Every structure is written in structure tokens, then in C-alpha cells.
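J.: Input structure: coords04.txt, which contains compact mmCIF, C-alpha atoms.
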```
# COMPACT_ATOMS: atom_id res chain seq x y z
CA MET A 254 1.43 -24.42 -19.53
CA PRO A 255 -2.25 -25.49 -19.79
CA LEU A 256 -4.56 -22.50 -19.44
CA SER A 257 -7.17 -24.68 -17.74
CA GLN A 258 -4.84 -24.98 -14.76
CA ALA A 259 -3.96 -21.28 -14.64
CA LEU A 260 -5.38 -19.38 -11.69
CA ILE A 261 -3.84 -16.08 -12.84
CA GLU A 262 -3.19 -15.08 -16.45
CA ILE A 263 -1.19 -12.11 -17.67
CA ASP A 264 -2.44 -11.79 -21.24
CA HIS A 265 -0.35 -9.61 -23.60
CA VAL A 266 0.01 -6.87 -21.00
CA THR A 267 1.73 -3.58 -21.74
CA PHE A 268 2.22 -1.03 -18.97
CA GLY A 269 4.26 2.04 -18.09
CA TYR A 270 4.13 4.56 -15.26
CA ASP A 271 5.17 7.16 -17.82
CA PRO A 272 3.85 7.02 -21.42
CA SER A 273 7.39 7.58 -22.69
CA ARG A 274 8.84 4.59 -20.80
CA ARG A 275 7.37 1.10 -20.92
CA ILE A 276 7.92 -1.14 -17.91
CA LEU A 277 6.17 -4.19 -19.40
CA ASN A 278 6.00 -4.79 -23.12
CA ASP A 279 3.41 -7.29 -24.42
CA VAL A 280 4.05 -9.73 -21.56
CA SER A 281 2.16 -13.02 -21.17
CA LEU A 282 2.54 -15.34 -18.18
CA ASN A 283 0.34 -17.99 -16.58
CA PHE A 284 0.46 -19.08 -12.94
CA GLN A 285 -0.80 -22.58 -12.27
CA ARG A 286 -2.94 -23.49 -9.31
CA GLY A 287 -1.09 -24.97 -6.39
CA GLN A 288 2.39 -24.29 -7.76
CA VAL A 289 5.32 -22.14 -6.65
CA THR A 290 6.29 -19.95 -9.59
CA ALA A 291 9.40 -17.76 -9.51
CA ILE A 292 9.64 -14.51 -11.46
CA LEU A 293 13.33 -13.82 -11.91
CA GLY A 294 15.22 -10.94 -13.45
CA GLY A 295 17.42 -7.95 -12.77
CA SER A 296 16.30 -4.75 -11.09
CA GLY A 297 13.91 -2.61 -13.10
CA CYS A 298 12.61 -5.28 -15.46
CA GLY A 299 9.03 -5.11 -14.15
CA LYS A 300 8.83 -8.00 -11.67
CA THR A 301 7.26 -6.02 -8.82
CA THR A 302 5.06 -4.15 -11.29
CA LEU A 303 3.50 -7.49 -12.28
CA LEU A 304 2.44 -8.08 -8.68
CA ARG A 305 0.93 -4.60 -8.48
CA LEU A 306 -1.11 -5.23 -11.61
CA ILE A 307 -2.38 -8.55 -10.24
CA GLY A 308 -3.40 -6.78 -7.03
CA GLY A 309 -5.23 -4.08 -8.99
CA VAL A 310 -2.99 -1.24 -7.81
CA HIS A 311 -2.64 0.00 -11.39
CA ALA A 312 -4.62 -0.46 -14.59
CA VAL A 313 -2.85 -2.00 -17.58
CA ASP A 314 -2.32 0.12 -20.69
CA SER A 315 -3.31 -2.80 -22.88
CA GLY A 316 -3.95 -6.51 -22.45
CA ARG A 317 -5.65 -8.26 -19.55
CA VAL A 318 -4.97 -9.52 -16.04
CA VAL A 319 -7.31 -12.44 -15.32
CA PHE A 320 -7.81 -13.86 -11.83
CA ASP A 321 -9.71 -17.16 -11.70
CA GLY A 322 -11.48 -16.39 -14.97
CA GLU A 323 -12.37 -12.83 -13.94
CA GLU A 324 -10.65 -9.85 -15.56
CA VAL A 325 -9.25 -7.48 -12.93
CA ASN A 326 -10.91 -4.06 -13.18
CA VAL A 327 -9.28 -1.37 -11.02
CA ARG A 328 -12.39 0.81 -11.31
CA ASP A 329 -14.58 -1.85 -9.70
CA LYS A 330 -13.82 -1.39 -6.01
CA ALA A 331 -16.19 -4.12 -4.87
CA GLN A 332 -14.43 -6.60 -7.16
CA LEU A 333 -10.98 -5.48 -6.02
CA TYR A 334 -11.78 -5.92 -2.34
CA ARG A 335 -13.27 -9.34 -3.03
CA LEU A 336 -10.25 -10.48 -5.03
CA ARG A 337 -7.73 -9.00 -2.59
CA ARG A 338 -9.35 -10.99 0.20
CA ARG A 339 -7.95 -14.05 -1.62
CA LEU A 340 -4.43 -12.55 -1.80
CA GLY A 341 -1.60 -12.44 0.68
CA MET A 342 1.32 -10.11 0.01
CA LEU A 343 4.84 -10.00 1.42
CA PHE A 344 6.12 -6.53 0.48
CA GLN A 345 9.73 -6.00 -0.51
CA PHE A 346 10.49 -3.83 2.52
CA GLY A 347 8.06 -5.48 4.92
CA ALA A 348 5.65 -2.51 5.19
CA LEU A 349 5.07 -3.23 8.87
CA PHE A 350 3.21 -0.77 11.08
CA THR A 351 5.93 0.70 13.29
CA ASP A 352 3.47 1.93 15.94
CA LEU A 353 2.10 -1.57 16.51
CA SER A 354 3.65 -4.54 18.27
CA VAL A 355 4.72 -7.68 16.44
CA PHE A 356 1.51 -9.38 17.61
CA GLU A 357 -0.73 -6.51 16.46
CA ASN A 358 0.94 -6.38 13.05
CA VAL A 359 0.06 -10.01 12.37
CA ALA A 360 -3.40 -9.54 13.89
CA PHE A 361 -4.17 -6.52 11.68
CA PRO A 362 -5.62 -8.36 8.64
CA LEU A 363 -7.63 -10.62 10.95
CA ARG A 364 -9.19 -7.62 12.69
CA GLU A 365 -9.66 -5.73 9.41
CA HIS A 366 -11.79 -8.47 7.90
CA GLY A 367 -13.66 -9.02 11.17
CA GLY A 368 -15.84 -11.87 12.31
CA LEU A 369 -13.31 -13.53 14.62
CA SER A 370 -13.25 -13.57 18.40
CA GLU A 371 -10.24 -12.15 20.23
CA GLU A 372 -9.42 -15.65 21.45
CA MET A 373 -9.34 -17.00 17.91
CA ILE A 374 -7.25 -14.03 16.71
CA ARG A 375 -4.77 -14.69 19.50
CA ASP A 376 -4.47 -18.37 18.61
CA ILE A 377 -4.02 -17.70 14.87
CA VAL A 378 -1.41 -14.98 15.45
CA LEU A 379 0.62 -17.17 17.81
CA MET A 380 0.50 -20.09 15.34
CA LYS A 381 1.64 -17.89 12.44
CA LEU A 382 4.46 -16.38 14.52
CA ASN A 383 5.45 -19.85 15.67
CA ALA A 384 5.68 -20.96 12.03
CA VAL A 385 8.29 -18.24 11.34
CA GLY A 386 10.12 -18.85 14.63
CA LEU A 387 9.07 -15.60 16.32
CA ARG A 388 6.34 -16.53 18.78
CA GLY A 389 8.64 -15.34 21.57
CA ALA A 390 8.86 -11.90 19.97
CA ALA A 391 5.09 -11.27 19.94
CA ALA A 392 5.23 -8.46 22.52
CA LEU A 393 8.15 -6.59 20.93
CA ARG A 394 7.77 -3.37 18.99
CA ILE A 395 8.95 -3.22 15.38
CA SER A 396 11.79 -0.87 16.40
CA GLU A 397 13.13 -3.66 18.63
CA VAL A 398 13.51 -6.33 15.94
CA SER A 399 16.22 -6.84 13.31
CA GLY A 400 15.69 -6.48 9.59
CA GLY A 401 15.62 -10.24 9.12
CA MET A 402 13.08 -10.65 11.92
CA ALA A 403 10.93 -7.91 10.38
CA ARG A 404 10.87 -9.85 7.10
CA ARG A 405 9.66 -12.98 8.91
CA ILE A 406 6.99 -10.97 10.77
CA ALA A 407 5.79 -9.63 7.43
CA LEU A 408 5.62 -13.21 6.17
CA ALA A 409 3.48 -14.25 9.16
CA ARG A 410 1.12 -11.34 8.42
CA ALA A 411 0.96 -12.22 4.72
CA VAL A 412 -0.34 -15.73 5.49
CA ALA A 413 -2.52 -14.79 8.48
CA LEU A 414 -5.75 -15.24 6.50
CA ASP A 415 -4.58 -18.45 4.76
CA PRO A 416 -4.87 -16.76 1.34
CA GLU A 417 -5.48 -18.64 -1.87
CA VAL A 418 -2.66 -16.75 -3.61
CA ILE A 419 0.53 -15.64 -1.85
CA MET A 420 2.78 -13.09 -3.55
CA TYR A 421 6.32 -12.62 -2.29
CA ASP A 422 8.34 -9.58 -3.36
CA GLU A 423 12.04 -10.36 -2.74
CA PRO A 424 11.40 -12.70 0.24
CA PHE A 425 15.11 -13.46 0.71
CA ALA A 426 16.46 -9.91 0.74
CA GLY A 427 18.31 -8.99 3.94
CA LEU A 428 18.23 -12.50 5.42
CA ASP A 429 21.24 -14.35 6.77
CA PRO A 430 21.95 -17.80 5.22
CA ILE A 431 20.10 -19.71 7.96
CA SER A 432 17.03 -17.47 7.86
CA MET A 433 17.09 -17.62 4.06
CA SER A 434 16.96 -21.41 4.03
CA VAL A 435 14.27 -21.47 6.72
CA THR A 436 12.18 -18.93 4.78
CA ALA A 437 12.56 -20.86 1.52
CA ASN A 438 11.48 -24.11 3.19
CA LEU A 439 8.57 -22.31 4.86
CA ILE A 440 7.35 -20.88 1.53
CA ARG A 441 7.38 -24.37 0.02
CA LYS A 442 5.71 -26.01 3.04
CA LEU A 443 3.01 -23.32 3.25
CA ASN A 444 2.24 -23.77 -0.43
CA ASP A 445 1.99 -27.56 -0.15
CA ALA A 446 0.06 -27.60 3.13
CA THR A 447 -2.57 -25.06 2.08
CA GLY A 448 -2.76 -25.75 -1.66
CA ALA A 449 -2.04 -22.08 -2.29
CA THR A 450 -0.71 -20.63 -5.51
CA THR A 451 2.62 -18.90 -4.88
CA LEU A 452 4.20 -16.10 -6.94
CA MET A 453 7.75 -15.30 -5.89
CA VAL A 454 9.67 -12.29 -7.26
CA SER A 455 13.40 -12.53 -6.68
CA HIS A 456 16.89 -12.37 -8.10
CA ASP A 457 18.12 -15.13 -5.80
CA VAL A 458 18.38 -17.91 -8.36
CA GLN A 459 19.72 -20.62 -6.07
CA GLU A 460 17.02 -20.38 -3.39
CA CYS A 461 14.23 -20.01 -5.94
CA PHE A 462 15.34 -23.03 -7.95
CA LEU A 463 15.37 -25.16 -4.79
CA ILE A 464 11.65 -24.63 -4.16
CA ALA A 465 10.02 -23.45 -7.41
CA ASP A 466 7.99 -25.67 -9.72
CA TYR A 467 8.26 -23.24 -12.61
CA ALA A 468 10.11 -20.01 -13.37
CA TYR A 469 9.98 -17.03 -15.71
CA LEU A 470 13.04 -14.95 -16.52
CA MET A 471 12.43 -11.31 -17.37
CA ALA A 472 14.85 -8.80 -18.83
CA ALA A 473 15.18 -5.07 -19.37
CA GLY A 474 12.39 -3.59 -21.41
CA GLY A 475 9.76 -5.70 -19.68
CA ARG A 476 10.33 -8.83 -21.74
CA VAL A 477 9.98 -12.50 -20.84
CA VAL A 478 13.12 -14.06 -22.29
CA ALA A 479 12.66 -17.63 -21.00
CA HIS A 480 10.39 -19.83 -18.94
CA GLY A 481 10.38 -23.45 -17.82
CA THR A 482 11.24 -25.65 -14.89
CA PRO A 483 14.37 -24.82 -12.86
CA ALA A 484 16.13 -27.77 -14.49
CA GLU A 485 15.25 -26.55 -17.99
CA LEU A 486 16.46 -23.01 -17.32
CA SER A 487 19.66 -24.28 -15.69
CA GLN A 488 20.50 -26.19 -18.86
CA SER A 489 19.69 -23.34 -21.25
CA GLU A 490 22.50 -22.16 -23.51
CA GLU A 491 20.72 -18.94 -24.50
CA PRO A 492 23.29 -16.19 -23.74
CA GLU A 493 20.90 -13.93 -21.81
CA VAL A 494 19.51 -16.81 -19.75
CA ARG A 495 22.91 -18.34 -19.12
CA GLN A 496 24.42 -15.03 -17.99
CA PHE A 497 21.69 -14.40 -15.40
CA ILE A 498 21.38 -17.95 -14.08
CA ARG A 499 25.16 -18.33 -13.68
CA GLY A 500 25.83 -14.75 -12.61
CA GLU A 501 28.37 -14.12 -15.34
CA PRO A 502 29.68 -10.51 -15.48
CA ASP A 503 30.08 -10.48 -19.27
CA GLY A 504 27.27 -11.10 -21.70
CA PRO A 505 24.30 -9.45 -23.42
CA VAL A 506 23.02 -7.91 -20.16
CA ARG A 507 24.95 -4.68 -19.60
CA PHE A 508 25.80 -3.16 -16.23
CA HIS A 509 25.29 0.46 -17.33
CA TYR A 510 21.84 1.91 -17.97
CA PRO A 511 21.73 3.32 -21.54
CA ALA A 512 23.23 6.82 -21.64
CA ALA A 513 25.18 9.20 -23.84
CA PRO A 514 28.98 8.84 -23.76
CA LEU A 515 30.42 10.19 -20.50
CA ALA A 516 32.85 12.53 -22.27
CA GLU A 517 29.96 14.06 -24.17
CA GLN A 518 27.92 14.68 -21.01
CA LEU A 519 30.95 16.18 -19.27
CA GLY A 520 31.47 18.53 -22.19
CA LEU A 521 34.90 17.17 -23.01
CA ALA A 522 36.16 17.48 -26.58
CA ALA A 523 37.01 14.32 -28.44
CA PRO A 524 40.82 13.76 -28.45
CA ALA A 525 42.57 15.05 -31.55
CA ALA A 526 44.96 12.92 -33.62
CA ASP A 527 48.31 14.00 -35.14
CA THR A 528 49.30 13.41 -38.74
CA GLN A 529 50.73 10.01 -37.81
CA GLY A 530 47.38 8.94 -36.34
CA ALA A 531 48.54 9.00 -32.71
CA THR A 532 46.20 10.41 -30.08
CA LEU A 533 47.39 13.72 -28.63
```
Translate the structure of the given file into C-alpha cells.
T.:
Amino acid sequence: MPLSQALIEIDHVTFGYDPSRRILNDVSLNFQRGQVTAILGGSGCGKTTLLRLIGGVHAVDSGRVVFDGEEVNVRDKAQLYRLRRRLGMLFQFGALFTDLSVFENVAFPLREHGGLSEEMIRDIVLMKLNAVGLRGAAALRISEVSGGMARRIALARAVALDPEVIMYDEPFAGLDPISMSVTANLIRKLNDATGATTLMVSHDVQECFLIADYAYLMAAGGRVVAHGTPAELSQSEEPEVRQFIRGEPDGPVRFHYPAAPLAEQLGLAAPAADTQGATL
């Protein structure tokens, strides 16, 4: 992927919340301007952590996160606020304000950044809610909406400021099939209409491949095991890639997290064998 087209670069980044356990291990990714890029992989492989590093929530242990040619520095608050103004974020669990109405949740970033009249805020909020099919729910409280509706409200809030970069953390989780398809189409249309750069963390391969221009596949240990267009990854015969893309139960990716043998942890003695070699 040409670096000249990359808006965000993850350059040989290593990171762990605990020094004894690495979440990302010498990871490099580039996100091209104007494209929808999917970051795929199983739980715990560092997908959400990547978004946090881009947003400056944590500092990398080594390597660099570069946003539009500028290295992200978590200690430079003025820089962080300026860069975050260009970001929109759909959090994995919505992160809506439960004490505010649907309307006020979407209006929050518009009020926070100031400079807009109440009439303009009203118009923008209603247009964003209309885009996700929830204009009629504007007066409801968050406790009155379903989980799928809450996800769409969070999406409307994420794009309220027409951000240059939109980051989606599991945008399809908890959605019924119709809402999932509508959300996927909306992500693609928003990207194309605004020229935004979209980063989409998910394990929903089918929906991501329908709308993504490019995809990275991550694995346990914070590794990038493959990247390419959806068509290229679909045709890969690499065992780890094939297992994840096709959802195969058997393969190099194990179900169990590494642990000592169960019998050992339970304090059970290993079974003895008789003189004929049979287990007693």
C-alpha cells in the first residue's frame, strides 16, 4: 500500500497493558485516505487496542502512530484535542449517556465543540438520526430503546461532526440481519459521500468483505498474519487465514487459551499403567 496515500500509519508498534503480556507485537499497518479498511481477528488479538492508540488513549511502548504525517504524542494535550476533532468513534458498547435523550446524545459533540446555533444543531441531529432510521425516536430516553437502536444512535453521534476519520469498534454486534445490512450500507455510503477514511474493527467477515476496500487479519499475540483486498484474502490458502475467513473449527487457531493441563491444575495424579501397559 503506497505510504503517500496513507492517512494513518502504524509503524512497528509494540504495546502491552502489562509489561509481562504484549497485546501488539511489532505491528505495521497503513490506512489509505478515503478507503474502508477492515481490521479482522479473534477476540483479544489487539484490534480495539489499535483504535485506542490511534486516538491517543495510550502511549506505545515502541514504534510510532502517525496521523496525517504527525506522530501522535499522548503527552501533548493540545495536539490530541486537535487530532481527535478529526476523529469519529463508534464504541463497541455504544457508550451513550443514559441520562440524556436520544436527541441530546447526538447533539453532545456538536455542543461540546461549540460555535453552532441551536437551530443548526437541531437540523444536524435530525439529519443524522434520519440517516440511521431513528428520527422518530429523537425524544426517547436511552432506557427506552433496544440494543440495536442504541448502536444506531451511537453511529449517528459518531458522524455528527462529519469527521475525517471514522473508527468503528464492532459495528455489527447485537444487530438483527436487517439492521446489520442497513448499517453496513450506511458505513459504505457515509465513507463515499464524505470522502472519510474508515477503520472498521470486527469479526463479522461476511459483512466486512461486502463493503471493505482492504482488510488486515490479526491473530493472537498481536500479529498481522495477512492483508489484502477481500477477494485476495478469500482466496488465500494459508491455514490461519483460511480457518478464520471460513470459520473452520479445526486449524492452527486453538479454542483454549494457553494453560497447564487440567488434571495438573486440579491436583489429579497421572493415571498409572499395569505391567501389560493398560491404564488402571
J.: Neighbours of Asp352 (chain A) within 9 Å (all atoms listed in the file; same-chain residues fewer than 2 positions away dropped), as an MDAnalysis selection string?
T.: chainID A and resid 349:350 354 394:396
J.: With all atoms listed in the file as the basis for distance, which of A:Val418, A:Leu408, A:Ile377, A:Ala512 is at the shortest distance from Arg338 (chain A)?
T.: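 Smallest distance to Arg338 (chain A) is found for A:Val418.
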J.: Using only C-alpha atoms, which residue out of A:Thr351, A:Arg275, A:Met402, A:Arg410 lies closest to Val378 (chain A)?
T.: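 Closest candidate: A:Arg410.
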J.: Need the shell around Leu439 (chain A): protein/DNA/RNA residues with any atom at most 12 Å away, counting all atoms listed in the file. Skip same-chain ones fewer than 2 positions apart. Format as a PyMOL selection string?
T.: chain A and resi 289+381+383-386+405+408-409+412+424-425+432-437+441-447+451+460+464
J.: Quick one: distance from CA of Ala411 (chain A) to CA of Gln332 (chain A) in Å, one decimal?
T.: 20.2 Å
J.: Which residues, written as a PyMOL selection string, have at least one atom at most 9 Å from Ile374 (chain A), with all atoms listed in the file counted and residues fewer than 6 positions away on the same chain left out?
T.: chain A and resi 360+363-364
J.: How would you write as a list in words the residues that get within 9 Å of (-0.8, -25.4, -11.3) in the file's frame, counting all atoms listed in the file?
T.: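 Residues close enough to count: Met254, Pro255, Gln258, Ala259, Leu260, Phe284, Gln285, Arg286, Gly287, Gln288, Val289, Thr450 and Asp466 of chain A.
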